[in-house]
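Engineer: Take this structure, written in structure tokens, and hold onto it; I'll ask about it next.
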Amino acid sequence: MDLEKQLKEIEAMGNDHVGSSSDTPLKADAFDLSDIEKIKIIKGHVSEILNTLGLDLTDDSLKGTPTRVAKMFVNEIFGGLHPDRKPSASTFDNKYKYGEILVEKNITLYSTCEHHLLPIVGRAHVAYISNGTVVGLSKMNRIVDYYAKRPQVQERLTMQIVKELQEVLGTKDVACIIDAKHLCVNSRGIRDIDSSTVTSEFGGKFKESEVRREFLDYIKLDTEF
């Protein structure tokens, strides 16, 4: 397929999300290279992109950009691709027998749209009902952060957070709602700066309307101090 035809097809598709699966699409050899090797290769490609755009990489302000971008890709905004960075989420016995919904809301979320490599910025609200075990509150934030630090579509991110907590807690009773702005919509294309995208995934008891409503009501609570 020639480039002109491909560009027209991509333009026609717009910002439609093309789904694959709830797993991030990774090559079989995704982790054969070390982080240092990846940084070196990406640095060269970023240099080539900037050179192609006509920028002078001998300028003091630009000469370190390829290295900075490569390190940022590997160690920061796409750091959640590597399984070694997955947060350990130790569970504890629910000795106090708390049997109601536990909600961690307004978790700050930074991710990257896999279609344009532009930021996704928003909030995640996560809840679960214990079946005998609990997890540290900060671990819920870390799980959100881990899966957000990779090229993403918001639907997949929402599902991955729920799936991970279900496995950690040994229960299906987990839910997640994400409300986020996509800069591929806000800063380019239609340039709608006010719109945001909301996704949800409800497991187990959260599929019941009464339980789901209770979760939604918790999210609306005013927690400003």
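Chain labels run A, B, ... following the order of the structure tokens; each chain numbers its residues from 1, and ligands are numbered from 1 in the order shown.
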List as a count of residues only the protein and nucleic acid residues near range 172-175 of chain A, meaning an atom at most 7 Å away when only C-alpha atoms are counted, but skip any in the same chain fewer than 4 places from it.

Structural biologist: 13

Engineer: Expressed in Å to a single decimal, how great is the separation between CA of Val198 in chain A and CA of Leu216 in chain A?

Structural biologist: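 CA of Leu216 in chain A lies at a distance of 12.8 Å from CA of Val198 in chain A.
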
Engineer: Would you please extract all alpha helix (DSSP H) residues from range 27-89 of chain A, as assigned by DSSP on the backbone, and give them as a count of residues only?

Structural biologist: 25

Engineer: Could you please determine the separation between CA of Glu167 in chain A and CA of Asn106 in chain A in Å, to one decimal place?

Structural biologist: 22.4 Å

Engineer: So how many Å separate CA of Lys86 in chain A and CA of Tyr146 in chain A, to one decimal?

Structural biologist: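 About the pair CA of Lys86 in chain A and CA of Tyr146 in chain A: they are 6.4 Å apart.
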
Engineer: Just want the 10 Å neighbourhood of Ile36 in chain A, counted on only C-alpha atoms, with same-chain residues fewer than 6 positions away dropped. Output as a list of chain:residue names.

Structural biologist: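 So, after excluding close chain neighbours, the residues are A:Ile42, A:Ala70, A:Lys71, A:Val74, A:Asn75.
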
Engineer: From range 101-171 of chain A, collect each residue whose DSSP state is strand (DSSP E) and return the set as a ChimeraX atom specification.

Structural biologist: /A:101-113,119-129,133-135,151-152

Engineer: Extract, using only C-alpha atoms, all DNA, RNA and protein residues at most 6 Å from Val121 in chain A, discarding same-chain residues fewer than 6 positions from it, and format them as a ChimeraX atom specification.

Structural biologist: /A:109-110,180-181

Engineer: Could you name the residues that touch Lys38 in chain A at 12 Å or less, counting only C-alpha atoms, but leaving out those on the same chain fewer than 3 positions away, as a ChimeraX atom specification?

Structural biologist: /A:30-35,41-45,67,69-75,78-79
